[in-house]
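Below: the structure, in C-alpha cells.
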Amino acid sequence: MLQPILFAIVTIVAFGYAGRQFMKIRRNILLGKEEDLQGDPAQRWRNVLLIAFGQKKMFKRFIPAIFHLFIYVAFLFTQIELIEILIDGFSGSHRFFAPVLGGFYTLIISVIEILSVLAFIATFVFLARRNLLKVPRFHKPEMKGWPTLDGNIILYLEILLLIGIFSMNGADRVLQEMGAAHYHQTGAFAVSSWLGPALFSGLGDTTLIGIERFGWWLHLLVVFGFLNYLPKSKHLHILLAFPNTYFAKQTPKGQMSNISRIQQEVASMMDESAIEDSAGSEEEELFFGGNDVTSLSWKNVMDAFTCTECGRCTSVCPANLTGKKLSPRKIMMDVRDRAEEIGNNIDTGNLDFIGEEKRGEDVVLSKENYADGKSLFDYISREEIHACTTCNACVEACPVLINPLDIILQLRRYEILMESAGPSDWLPLFNSMENSQAAWAVSTERDAWKSQV
Amino acid sequence: MSHIPTMAELAAEGRQPEVLFWVGCAGSFDDRAQRVTIAFSKLLQKAGVDFAILGQEESCTGDPARRAGNEFLFQMLAQQNVAVLNMYEVKKIVTACPHCFNVIKNEYPELGGNYEVVHHTQFLQGLLAEGRLKIEGGNFKGKKITYHDSCYLGRANDVYEAPRSLLSSLDADLVEMKRCRTNGLCCGAGGAQMWKEDEPGDKRINTERVEEALGTGAEIVAVNCPFCMTMMTDGVTAKEKQESVMVYDLAELILNNI
C-alpha cells in the first residue's frame with residue numbers, strides 16, 4: 001500500500017511544479033508584443049510534419065542527425081511506456097498492459113529496448129562530441145559555464161534513464177524465469193531477455209525485486225526530474241519545435257517587415273492633401289523597432305525559448321566565422337535570459353519595477369508598466385548588431401525555423417529611429433540617399449553609361 | 001548600337017516596352033558594375049528585347065537604408081519609386097542587382113507596387129531557352145569556373161538554378177565551392193556593410209570567401225551581384241591573384257560567347 005501512496009505524492013508534486021513552470025514560460029513568451037502572423041495553414045502543418053516531426057533540416061548534417069534521431073525516436077516511444085508506469089503506479093498493478101496486449105506488448109517493449117540501446121550509443125557519441133572532440137560551435141564564448149553544463153546534464157539523465165529501464169526489465173525477466181509471484185510472463189523482450197540473465201541470474205528473489213523496483217523508480221524519477229528540469233534548460237525545443245515551426249514566417253527570407261505607421265507618415269509628407277488626416281495623431285507615442293523583449297514580437301521570444309543552443313547558426317555566420325563578436329545563438333540566448341529576468345521581476349510584484357510615470361494608487365506591476373532601467377542592449381552590444389550582413393545563413397541553418405535576423409533588424413531599427421544612433425559610417429550613405437536619391441554621392445548622371453553601349 | 005530609350009520617351013510616343021531594365025545605383029555609378037550594365041544592355045539589344053530604363057527618374061530602392069534600420073529614408077525612396085513605376089504602368093522589371101530585385105519583388109507590393117520582377121540571370125535563361133539568344137563561341141569550353149551565390153538571390157529568394165543553367169550553357173567546367181546554394185557564404189557586403197568599416201575581427205569576410213573560391217582552382221569566379229563583384233574582386237586582388245583569376249558577372253560571360 002505504501003508504494004501507490006508514495007507514487008501519488010511524487011506524481012502530483014512533479015506535475016504540479018512542472019505545470020507552474022510551464023505557465024511561466026508561456027507568460028514569458030507573451031511578454032512579447034502581439035504579432036499578426038499571416039500564413040497558409042496547410043504550409044504551416046507541412047512545416048510541423050517535415051521540419052519538427054520529420055527533422056528535415058537536421059539532415060543537412062547527416063551524422064549528428066542520425067544520432068539525434070535515435071534519441072528522439074527513443075524518447076517518443078518511451079512515452080508509451082510511461083502510460084503504463086502511471087497506471088501501475090496509481091493502481092499497484094504490475095505491467096498492466098502485458099496480459100491485455102499479449103504478443104503486441106512484447107513487440108512494443110522490444111522496440112523501446114532496441115531504440116534505448118541506439119539512444120545509449122548516441123548519448124556517448126554526443127558526450128564525446130561535446131567534451132572530447134573540439135567541435136568549435138560547442139566552445140564559443142556564450143557557451144561558457146551553465147550552457148555547457150546544461151548540454152551535458154541532459155546526456156547524464158539519458159544514461160540514468162537507460163540504466164533504469166534495463167535494470168527494471170532485466171530483473172523482471174529473471175524473476176519471471178524463477179516464477180516469482182506477480183511477475184507474470186511477458187514474452188522475451190529483445191534486449192533484456194539476454195541482458196537480464198547475463199547480469200542478474202543467481203541473485204535471490206528479494207534482491208531481484210529490489211533491483212526491479214529500483215529500476216522502475218529510477219525510470220519514473222528521471223522522467224519526472226526531466227519534466228521539471230526542462231523549463232529551466234535549453235531542451236524546450238522538444239516541445240516548442242512544434243508551435244515554433246507552425247508559426248514560422250512563410251514569406252521569402254529576404255523580405256523585411258513593413259512599418260505601416262512610417263509608411264503612412266511618409267505618404268502624407270509626399271501627398272499634401274493627406275496632411276490634415278495625420279494631424280490628429282500628434283499625441284500618439286511613437287515607438288519603432290525593438291530594444292527589449294516587450295517590444296519584440298511574441299514569436300521572437302518563442303524563438304528564444306525554442307533555441308537549444310546547437311550553434312548551427314553561429315557556425316555559418318560570416319561575421320562570427322571571421323572573428324566578429326556577433327553570434328546569432330548568443331542573440332537568442334540573450335533574449336531568453338532577458339525574458340526570464342523580466343518574468344522573475346514581475347513575479348516579485350515589487351512596485352519599484354513600475355516605470356515612474358506610470359506609478360499610482362492601485363497600479364499593479366505588469367508587462368505594460370514594467371521598467372527596470374535596463375534593456376536588451378545591456379545584453380547585446382552595438383558591435384554585435386552592426387556586424388550582421390543580413391545574409392540569412394543563420395535563418396537557413398536553424399533546424400527549428402528560429403529567425404535571429406529578425407531580432408537583429410528590429411534592434412537596428414530602434415537604434416536608428418529612436419536613438420538617432422548607429423555606425424557613423426552610414427551617415428554619408430543616408431545623406432546621399434536623401435539628397436541625391438543614390439547610394440553614393442557622385443556627380444555623374446545616372447545613365448551616363450548609355451554612351452558606351 | 002541603338003539608343004536605349006527612357007520610360008518618359010516611350011510614354012511620349014504612347015508606347016510601353018516589353019520590360020523595364022532597373023539599373024540600380026551600383027549599375028549606374030560603380031565603374032565595374034557599369035560594365036555589367038553595358039554587357040546586359042548589349043545582350044538585350046542582340047536578343048531584340050524591347051526595353052527601356054527610367055534614367056534620371058530612377059532612385060535608389062532604399063534597400064541599404066532599410067537594412068541599416070532607417071525606415072523613414074527607405075519609405076521616402078521606395079514610395080517615390082513606386083509612384084514613378086505606377087505612373088508608367090510598369091508590368092515587368094528586370095534588374096542585375098539582387099538587392100534591388102529583392103526589395104522591388106518582395107517589399108514594394110506592400111507599398112502598392114506590384115510588378116513581375118526577374119533577375120537578369122533568370123531573364124537571360126529565358127532568352128536562351130526561347131532561342132532569342134544563341135551561344136556560339138566556345139570561349140569557356142572546359143574552363144574551370146566557380147559560381148558565388150549571392151545571399152539576396154539565393155537564400156533570400158531561392159534562385160539557385162537560373163545562374164547555373166547559364167554556366168552550363170557555356171560548356172564551362174563548373175566547380176562548386178563547398179559552401180554553395182543554401183549554404184553559400186556571404187561576400188560581406190549585405191545589410192549596408194558595403195558602406196561601413198568592418199567591426200573588429202580576425203579577417204575580412206571577402207577574404208574568407210575568396211580563399212574558398214581560389215581553393216577550387218577556378219580561373220573565373222562568376223557572380224550575379226554588383227556588391228559581390230566588388231568584394232570578390234577586392235579579395236582576389238588582396239591575394240595578389242588578379243593576373244590569374246578573373247571575377248565576372250554572368251551577363252559578361254554570356255556576352256563573351258554570343
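Following the order of the C-alpha cells, first chain is A, next is B, and so on, with residues numbered from 1 inside each chain and ligands from 1 in the order they appear.
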Distance filter 8 Å, only C-alpha atoms, chain A against chain B, as a ChimeraX atom specification: /A:252-256,258-259,262-263,266-267,316,318-319,322-325,383,386-393,396,409-410,412-417,423,425-426,429-430,433-434,437-440,442,444-450,452-453
Name the residues of region 106-171 of chain B that come out as strand (DSSP E) in a backbone DSSP run; write them as a PyMOL selection string. chain B and resi 116-119+144-147
Would you mind listing what lies within 12 Å of Phe7 (chain A) as a list in words, with only C-alpha atoms counted and same-chain residues fewer than 2 positions away left out? Met1, Leu2, Gln3, Pro4, Ile5, Ile9, Val10, Thr11, Ile12, Val13, Ala14, Ile85, Leu86, Ile87, Asp88, Gly89, Phe90, Ser91, Gly92, Trp216, Trp217, Leu220, Leu221 and Phe224 of chain A
Go ahead and write the residues just picked, N, CA, C and O atoms, as an mmCIF file, in the first residue's frame.
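Result saved to out.cif:
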data_model
loop_
_atom_site.group_PDB
_atom_site.id
_atom_site.type_symbol
_atom_site.label_atom_id
_atom_site.label_comp_id
_atom_site.auth_asym_id
_atom_site.auth_seq_id
_atom_site.Cartn_x
_atom_site.Cartn_y
_atom_site.Cartn_z
ATOM 1 N N MET A 1 0.833 -1.211 0.000
ATOM 2 C CA MET A 1 0.000 0.000 0.000
ATOM 3 C C MET A 1 0.861 1.251 0.000
ATOM 4 O O MET A 1 0.466 2.295 -0.493
ATOM 5 N N LEU A 2 2.085 1.113 0.547
ATOM 6 C CA LEU A 2 2.947 2.284 0.676
ATOM 7 C C LEU A 2 3.328 2.843 -0.693
ATOM 8 O O LEU A 2 3.306 4.051 -0.912
ATOM 9 N N GLN A 3 3.642 1.933 -1.615
ATOM 10 C CA GLN A 3 4.127 2.404 -2.926
ATOM 11 C C GLN A 3 3.126 3.267 -3.682
ATOM 12 O O GLN A 3 3.493 4.335 -4.168
ATOM 13 N N PRO A 4 1.840 2.848 -3.815
ATOM 14 C CA PRO A 4 0.888 3.712 -4.535
ATOM 15 C C PRO A 4 0.745 5.093 -3.891
ATOM 16 O O PRO A 4 0.630 6.098 -4.599
ATOM 17 N N ILE A 5 0.801 5.179 -2.553
ATOM 18 C CA ILE A 5 0.654 6.481 -1.894
ATOM 19 C C ILE A 5 1.858 7.363 -2.206
ATOM 20 O O ILE A 5 1.731 8.512 -2.629
ATOM 21 N N ILE A 9 1.939 10.915 -4.381
ATOM 22 C CA ILE A 9 2.511 12.179 -3.902
ATOM 23 C C ILE A 9 3.561 12.693 -4.883
ATOM 24 O O ILE A 9 3.520 13.837 -5.334
ATOM 25 N N VAL A 10 4.491 11.789 -5.248
ATOM 26 C CA VAL A 10 5.577 12.189 -6.160
ATOM 27 C C VAL A 10 5.010 12.706 -7.489
ATOM 28 O O VAL A 10 5.425 13.735 -8.016
ATOM 29 N N THR A 11 4.014 11.966 -7.998
ATOM 30 C CA THR A 11 3.451 12.336 -9.301
ATOM 31 C C THR A 11 2.768 13.700 -9.245
ATOM 32 O O THR A 11 2.953 14.548 -10.116
ATOM 33 N N ILE A 12 1.969 13.906 -8.207
ATOM 34 C CA ILE A 12 1.237 15.173 -8.107
ATOM 35 C C ILE A 12 2.209 16.343 -7.947
ATOM 36 O O ILE A 12 2.084 17.366 -8.629
ATOM 37 N N VAL A 13 3.224 16.157 -7.108
ATOM 38 C CA VAL A 13 4.217 17.218 -6.931
ATOM 39 C C VAL A 13 4.948 17.493 -8.253
ATOM 40 O O VAL A 13 5.100 18.643 -8.677
ATOM 41 N N ALA A 14 5.355 16.405 -8.932
ATOM 42 C CA ALA A 14 6.114 16.573 -10.182
ATOM 43 C C ALA A 14 5.290 17.316 -11.229
ATOM 44 O O ALA A 14 5.755 18.274 -11.842
ATOM 45 N N ILE A 85 3.444 2.979 -16.723
ATOM 46 C CA ILE A 85 4.031 3.271 -15.410
ATOM 47 C C ILE A 85 3.037 4.049 -14.546
ATOM 48 O O ILE A 85 2.878 3.778 -13.354
ATOM 49 N N LEU A 86 2.340 4.997 -15.160
ATOM 50 C CA LEU A 86 1.351 5.783 -14.407
ATOM 51 C C LEU A 86 0.213 4.888 -13.913
ATOM 52 O O LEU A 86 -0.195 4.971 -12.754
ATOM 53 N N ILE A 87 -0.278 4.009 -14.797
ATOM 54 C CA ILE A 87 -1.380 3.120 -14.397
ATOM 55 C C ILE A 87 -0.927 2.187 -13.268
ATOM 56 O O ILE A 87 -1.580 2.071 -12.221
ATOM 57 N N ASP A 88 0.237 1.569 -13.467
ATOM 58 C CA ASP A 88 0.757 0.649 -12.442
ATOM 59 C C ASP A 88 0.992 1.376 -11.126
ATOM 60 O O ASP A 88 0.693 0.860 -10.046
ATOM 61 N N GLY A 89 1.524 2.589 -11.221
ATOM 62 C CA GLY A 89 1.860 3.351 -10.018
ATOM 63 C C GLY A 89 0.638 3.665 -9.185
ATOM 64 O O GLY A 89 0.641 3.477 -7.968
ATOM 65 N N PHE A 90 -0.400 4.128 -9.845
ATOM 66 C CA PHE A 90 -1.602 4.515 -9.091
ATOM 67 C C PHE A 90 -2.368 3.299 -8.585
ATOM 68 O O PHE A 90 -2.900 3.290 -7.485
ATOM 69 N N SER A 91 -2.437 2.211 -9.410
ATOM 70 C CA SER A 91 -3.308 1.084 -9.052
ATOM 71 C C SER A 91 -2.573 -0.019 -8.304
ATOM 72 O O SER A 91 -3.212 -0.891 -7.721
ATOM 73 N N GLY A 92 -1.236 0.007 -8.345
ATOM 74 C CA GLY A 92 -0.496 -1.067 -7.704
ATOM 75 C C GLY A 92 -0.402 -2.309 -8.577
ATOM 76 O O GLY A 92 0.069 -3.343 -8.124
ATOM 77 N N TRP A 216 12.439 0.620 -11.750
ATOM 78 C CA TRP A 216 11.131 1.235 -12.021
ATOM 79 C C TRP A 216 11.082 2.661 -11.473
ATOM 80 O O TRP A 216 10.689 3.590 -12.160
ATOM 81 N N TRP A 217 11.521 2.817 -10.216
ATOM 82 C CA TRP A 217 11.500 4.155 -9.604
ATOM 83 C C TRP A 217 12.505 5.099 -10.255
ATOM 84 O O TRP A 217 12.244 6.283 -10.440
ATOM 85 N N LEU A 220 11.034 6.333 -13.431
ATOM 86 C CA LEU A 220 9.990 7.318 -13.123
ATOM 87 C C LEU A 220 10.585 8.647 -12.668
ATOM 88 O O LEU A 220 10.209 9.723 -13.143
ATOM 89 N N LEU A 221 11.553 8.569 -11.744
ATOM 90 C CA LEU A 221 12.108 9.804 -11.183
ATOM 91 C C LEU A 221 12.910 10.584 -12.217
ATOM 92 O O LEU A 221 12.889 11.817 -12.220
ATOM 93 N N PHE A 224 10.307 12.351 -14.308
ATOM 94 C CA PHE A 224 9.751 13.496 -13.581
ATOM 95 C C PHE A 224 10.807 14.594 -13.390
ATOM 96 O O PHE A 224 10.495 15.778 -13.475
#
Surrounding residues of Leu127 (chain B) excluding itself and chain neighbours under 4 positions, 10 Å, only C-alpha atoms, as a ChimeraX atom specification: /B:43-44,47-49,121-123,131-134
Residues from the last selection, all heavy atoms, saved as a short mmCIF file (atom, residue, chain, number, x, y, z; two decimals), in the first residue's frame:
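Below is the file that was written, again_17.cif:
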data_model
loop_
_atom_site.label_atom_id
_atom_site.label_comp_id
_atom_site.auth_asym_id
_atom_site.auth_seq_id
_atom_site.Cartn_x
_atom_site.Cartn_y
_atom_site.Cartn_z
N LEU B 43 23.24 42.52 -74.57
CA LEU B 43 22.55 41.24 -74.74
C LEU B 43 21.07 41.47 -75.04
O LEU B 43 20.49 40.80 -75.91
CB LEU B 43 22.71 40.38 -73.48
CG LEU B 43 24.09 39.76 -73.26
CD1 LEU B 43 24.19 39.16 -71.86
CD2 LEU B 43 24.38 38.69 -74.32
N LEU B 44 20.47 42.40 -74.33
CA LEU B 44 19.05 42.68 -74.56
C LEU B 44 18.85 43.16 -76.00
O LEU B 44 17.90 42.76 -76.69
CB LEU B 44 18.55 43.74 -73.58
CG LEU B 44 18.43 43.32 -72.11
CD1 LEU B 44 18.03 44.51 -71.23
CD2 LEU B 44 17.43 42.19 -71.94
N ALA B 47 19.21 40.36 -78.51
CA ALA B 47 18.06 39.46 -78.49
C ALA B 47 16.80 40.15 -79.01
O ALA B 47 15.74 39.54 -79.08
CB ALA B 47 17.83 38.95 -77.07
N GLY B 48 16.94 41.42 -79.34
CA GLY B 48 15.79 42.16 -79.85
C GLY B 48 14.74 42.43 -78.78
O GLY B 48 13.54 42.50 -79.09
N VAL B 49 15.15 42.55 -77.54
CA VAL B 49 14.19 42.82 -76.47
C VAL B 49 13.83 44.31 -76.50
O VAL B 49 14.71 45.17 -76.56
CB VAL B 49 14.77 42.45 -75.09
CG1 VAL B 49 13.81 42.84 -73.97
CG2 VAL B 49 15.10 40.97 -75.04
N THR B 121 19.79 37.09 -64.48
CA THR B 121 20.18 35.72 -64.82
C THR B 121 18.95 34.90 -65.23
O THR B 121 19.04 34.06 -66.13
CB THR B 121 20.88 35.02 -63.63
OG1 THR B 121 20.04 35.08 -62.48
CG2 THR B 121 22.21 35.67 -63.32
N GLN B 122 17.81 35.17 -64.59
CA GLN B 122 16.58 34.47 -64.98
C GLN B 122 16.13 34.92 -66.37
O GLN B 122 15.68 34.12 -67.18
CB GLN B 122 15.47 34.76 -63.97
CG GLN B 122 15.76 34.25 -62.57
CD GLN B 122 14.72 34.74 -61.57
OE1 GLN B 122 14.45 35.94 -61.47
NE2 GLN B 122 14.14 33.82 -60.81
N PHE B 123 16.27 36.23 -66.60
CA PHE B 123 15.84 36.78 -67.89
C PHE B 123 16.70 36.20 -69.02
O PHE B 123 16.18 35.80 -70.06
CB PHE B 123 15.95 38.31 -67.86
CG PHE B 123 15.13 38.99 -68.91
CD1 PHE B 123 13.77 39.20 -68.72
CD2 PHE B 123 15.71 39.41 -70.10
CE1 PHE B 123 13.00 39.83 -69.70
CE2 PHE B 123 14.94 40.04 -71.08
CZ PHE B 123 13.59 40.25 -70.88
N GLY B 131 15.46 30.80 -77.60
CA GLY B 131 16.26 30.91 -78.81
C GLY B 131 16.49 32.34 -79.26
O GLY B 131 16.96 32.59 -80.38
N ARG B 132 16.13 33.30 -78.44
CA ARG B 132 16.34 34.70 -78.83
C ARG B 132 17.83 35.07 -78.72
O ARG B 132 18.29 35.99 -79.34
CB ARG B 132 15.49 35.62 -77.96
CG ARG B 132 14.00 35.50 -78.27
CD ARG B 132 13.13 36.22 -77.26
NE ARG B 132 13.07 37.66 -77.52
CZ ARG B 132 12.35 38.49 -76.78
NH1 ARG B 132 11.63 38.04 -75.76
NH2 ARG B 132 12.33 39.79 -77.05
N LEU B 133 18.53 34.32 -77.88
CA LEU B 133 19.98 34.45 -77.80
C LEU B 133 20.56 33.07 -78.07
O LEU B 133 19.99 32.07 -77.62
CB LEU B 133 20.43 34.90 -76.42
CG LEU B 133 20.37 36.38 -76.05
CD1 LEU B 133 20.87 36.55 -74.63
CD2 LEU B 133 21.18 37.24 -77.01
N LYS B 134 21.66 33.04 -78.83
CA LYS B 134 22.30 31.74 -79.09
C LYS B 134 23.77 31.80 -78.71
O LYS B 134 24.49 32.71 -79.11
CB LYS B 134 22.16 31.37 -80.57
CG LYS B 134 20.77 30.86 -80.90
CD LYS B 134 20.76 30.13 -82.25
CE LYS B 134 19.39 29.59 -82.59
NZ LYS B 134 18.38 30.68 -82.78
#
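Using only C-alpha atoms, the protein and nucleic acid residues lying no more than 10 Å from Gln125 (chain B), apart from those fewer than 4 places from it along its own chain, are His119, His120, Thr121, Ala129, Glu130, Gly131, Leu133, Glu161, Ala162, Pro163, Arg164, Ser165, Leu166 and Ser169 of chain B.
We find CA of Asp352 (chain A) and CA of Lys374 (chain A) to be spaced 13.4 Å apart.
Proximity to Glu89 (chain B) was assessed for B:Leu124, B:Asp50, B:Glu18, B:Gly142 counting only C-alpha atoms; the smallest distance is recorded for B:Glu18.
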Hey, what's within 10 Å of region 105-107 of chain A if we count only C-alpha atoms and toss same-chain stuff fewer than 2 positions away? As a PDB file with N, CA, C and O atoms, in the first residue's frame, please?
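And here is the file that came out, selection02.pdb:
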ATOM      1  N   ARG A  95       2.836  -4.202 -14.733  1.00  0.00           N
ATOM      2  CA  ARG A  95       2.764  -4.340 -16.197  1.00  0.00           C
ATOM      3  C   ARG A  95       1.331  -4.586 -16.640  1.00  0.00           C
ATOM      4  O   ARG A  95       1.004  -5.627 -17.207  1.00  0.00           O
ATOM      5  N   PHE A  97      -0.465  -3.603 -19.060  1.00  0.00           N
ATOM      6  CA  PHE A  97      -0.818  -3.895 -20.450  1.00  0.00           C
ATOM      7  C   PHE A  97      -0.378  -5.283 -20.919  1.00  0.00           C
ATOM      8  O   PHE A  97      -0.845  -5.756 -21.953  1.00  0.00           O
ATOM      9  N   ALA A  98       0.532  -5.922 -20.154  1.00  0.00           N
ATOM     10  CA  ALA A  98       1.087  -7.190 -20.640  1.00  0.00           C
ATOM     11  C   ALA A  98       0.018  -8.249 -20.905  1.00  0.00           C
ATOM     12  O   ALA A  98      -0.040  -8.798 -22.012  1.00  0.00           O
ATOM     13  N   PRO A  99      -0.847  -8.551 -19.936  1.00  0.00           N
ATOM     14  CA  PRO A  99      -1.871  -9.558 -20.218  1.00  0.00           C
ATOM     15  C   PRO A  99      -2.896  -9.080 -21.247  1.00  0.00           C
ATOM     16  O   PRO A  99      -3.430  -9.884 -22.020  1.00  0.00           O
ATOM     17  N   VAL A 100      -3.154  -7.768 -21.290  1.00  0.00           N
ATOM     18  CA  VAL A 100      -4.176  -7.240 -22.197  1.00  0.00           C
ATOM     19  C   VAL A 100      -3.706  -7.344 -23.646  1.00  0.00           C
ATOM     20  O   VAL A 100      -4.455  -7.728 -24.537  1.00  0.00           O
ATOM     21  N   LEU A 101      -2.433  -6.937 -23.878  1.00  0.00           N
ATOM     22  CA  LEU A 101      -1.943  -6.841 -25.260  1.00  0.00           C
ATOM     23  C   LEU A 101      -1.223  -8.095 -25.745  1.00  0.00           C
ATOM     24  O   LEU A 101      -1.047  -8.275 -26.949  1.00  0.00           O
ATOM     25  N   GLY A 102      -0.780  -8.958 -24.824  1.00  0.00           N
ATOM     26  CA  GLY A 102      -0.131 -10.216 -25.217  1.00  0.00           C
ATOM     27  C   GLY A 102       1.129  -9.999 -26.039  1.00  0.00           C
ATOM     28  O   GLY A 102       2.010  -9.232 -25.667  1.00  0.00           O
ATOM     29  N   GLY A 103       1.177 -10.626 -27.217  1.00  0.00           N
ATOM     30  CA  GLY A 103       2.368 -10.566 -28.085  1.00  0.00           C
ATOM     31  C   GLY A 103       2.686  -9.154 -28.552  1.00  0.00           C
ATOM     32  O   GLY A 103       3.850  -8.800 -28.767  1.00  0.00           O
ATOM     33  N   ILE A 109       7.556  -3.286 -26.265  1.00  0.00           N
ATOM     34  CA  ILE A 109       8.656  -3.111 -25.308  1.00  0.00           C
ATOM     35  C   ILE A 109       9.989  -3.479 -25.969  1.00  0.00           C
ATOM     36  O   ILE A 109      11.005  -2.847 -25.727  1.00  0.00           O
ATOM     37  N   SER A 110       9.949  -4.456 -26.874  1.00  0.00           N
ATOM     38  CA  SER A 110      11.180  -4.812 -27.589  1.00  0.00           C
ATOM     39  C   SER A 110      11.671  -3.645 -28.431  1.00  0.00           C
ATOM     40  O   SER A 110      12.870  -3.349 -28.478  1.00  0.00           O
ATOM     41  N   VAL A 111      10.727  -2.987 -29.116  1.00  0.00           N
ATOM     42  CA  VAL A 111      11.095  -1.821 -29.926  1.00  0.00           C
ATOM     43  C   VAL A 111      11.708  -0.748 -29.021  1.00  0.00           C
ATOM     44  O   VAL A 111      12.755  -0.171 -29.335  1.00  0.00           O
ATOM     45  N   ILE A 112      11.079  -0.499 -27.884  1.00  0.00           N
ATOM     46  CA  ILE A 112      11.612   0.507 -26.961  1.00  0.00           C
ATOM     47  C   ILE A 112      13.022   0.118 -26.526  1.00  0.00           C
ATOM     48  O   ILE A 112      13.915   0.953 -26.453  1.00  0.00           O
ATOM     49  N   GLU A 113      13.235  -1.162 -26.269  1.00  0.00           N
ATOM     50  CA  GLU A 113      14.562  -1.599 -25.824  1.00  0.00           C
ATOM     51  C   GLU A 113      15.621  -1.404 -26.898  1.00  0.00           C
ATOM     52  O   GLU A 113      16.732  -0.949 -26.611  1.00  0.00           O
ATOM     53  N   GLN A 185       4.226 -13.656 -17.096  1.00  0.00           N
ATOM     54  CA  GLN A 185       5.003 -13.796 -18.327  1.00  0.00           C
ATOM     55  C   GLN A 185       4.677 -12.675 -19.306  1.00  0.00           C
ATOM     56  O   GLN A 185       3.517 -12.324 -19.519  1.00  0.00           O
ATOM     57  N   THR A 186       5.722 -12.088 -19.887  1.00  0.00           N
ATOM     58  CA  THR A 186       5.526 -11.010 -20.857  1.00  0.00           C
ATOM     59  C   THR A 186       6.063 -11.385 -22.223  1.00  0.00           C
ATOM     60  O   THR A 186       5.992 -10.600 -23.150  1.00  0.00           O
ATOM     61  N   GLY A 187       6.631 -12.569 -22.348  1.00  0.00           N
ATOM     62  CA  GLY A 187       7.348 -12.898 -23.578  1.00  0.00           C
ATOM     63  C   GLY A 187       8.748 -12.320 -23.487  1.00  0.00           C
ATOM     64  O   GLY A 187       9.029 -11.489 -22.626  1.00  0.00           O
ATOM     65  N   ALA A 188       9.626 -12.730 -24.415  1.00  0.00           N
ATOM     66  CA  ALA A 188      11.022 -12.305 -24.343  1.00  0.00           C
ATOM     67  C   ALA A 188      11.219 -10.959 -25.029  1.00  0.00           C
ATOM     68  O   ALA A 188      10.952 -10.814 -26.224  1.00  0.00           O
ATOM     69  N   PHE A 189      11.688  -9.955 -24.268  1.00  0.00           N
ATOM     70  CA  PHE A 189      11.996  -8.654 -24.864  1.00  0.00           C
ATOM     71  C   PHE A 189      13.351  -8.738 -25.566  1.00  0.00           C
ATOM     72  O   PHE A 189      14.241  -9.492 -25.157  1.00  0.00           O
ATOM     73  N   ALA A 190      13.504  -7.908 -26.587  1.00  0.00           N
ATOM     74  CA  ALA A 190      14.663  -8.024 -27.480  1.00  0.00           C
ATOM     75  C   ALA A 190      16.005  -7.946 -26.757  1.00  0.00           C
ATOM     76  O   ALA A 190      16.932  -8.668 -27.084  1.00  0.00           O
TER      77      ALA A 190
END
Nearest to Asn47 (chain A) among A:Leu162, A:Met178, A:Ala241, A:Met302, with distances taken over only C-alpha atoms: which residue is it? A:Ala241
How would you write, as a list of chain:residue names, the set of residues in region 217-262 of chain A that DSSP gives as helix (DSSP H, G or I)? A:Trp217, A:Leu218, A:His219, A:Leu220, A:Leu221, A:Val222, A:Val223, A:Phe224, A:Gly225, A:Phe226, A:Leu227, A:Asn228, A:Tyr229, A:Leu230, A:Pro231, A:Lys232, A:His237, A:Ile238, A:Leu239, A:Leu240, A:Ala241, A:Phe242, A:Pro243, A:Asn244, A:Thr245, A:Tyr246, A:Ser260, A:Arg261, A:Ile262
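Residues with any atom within 9 Å of region 163-170 of chain A, counting only C-alpha atoms and excluding same-chain neighbours fewer than 6 positions away, are A:Glu113, A:Ser116, A:Phe189, A:Val191, A:Ser192, A:Ser193, A:Trp194, A:Leu195, A:Gly196, A:Pro197, A:Ala198, A:Leu199, A:Phe200, A:Ile211, A:Glu212, A:Arg213, A:Phe214, A:Gly215, A:Trp216, A:Trp217, A:Leu218, A:His219, A:Leu220, A:Val222.
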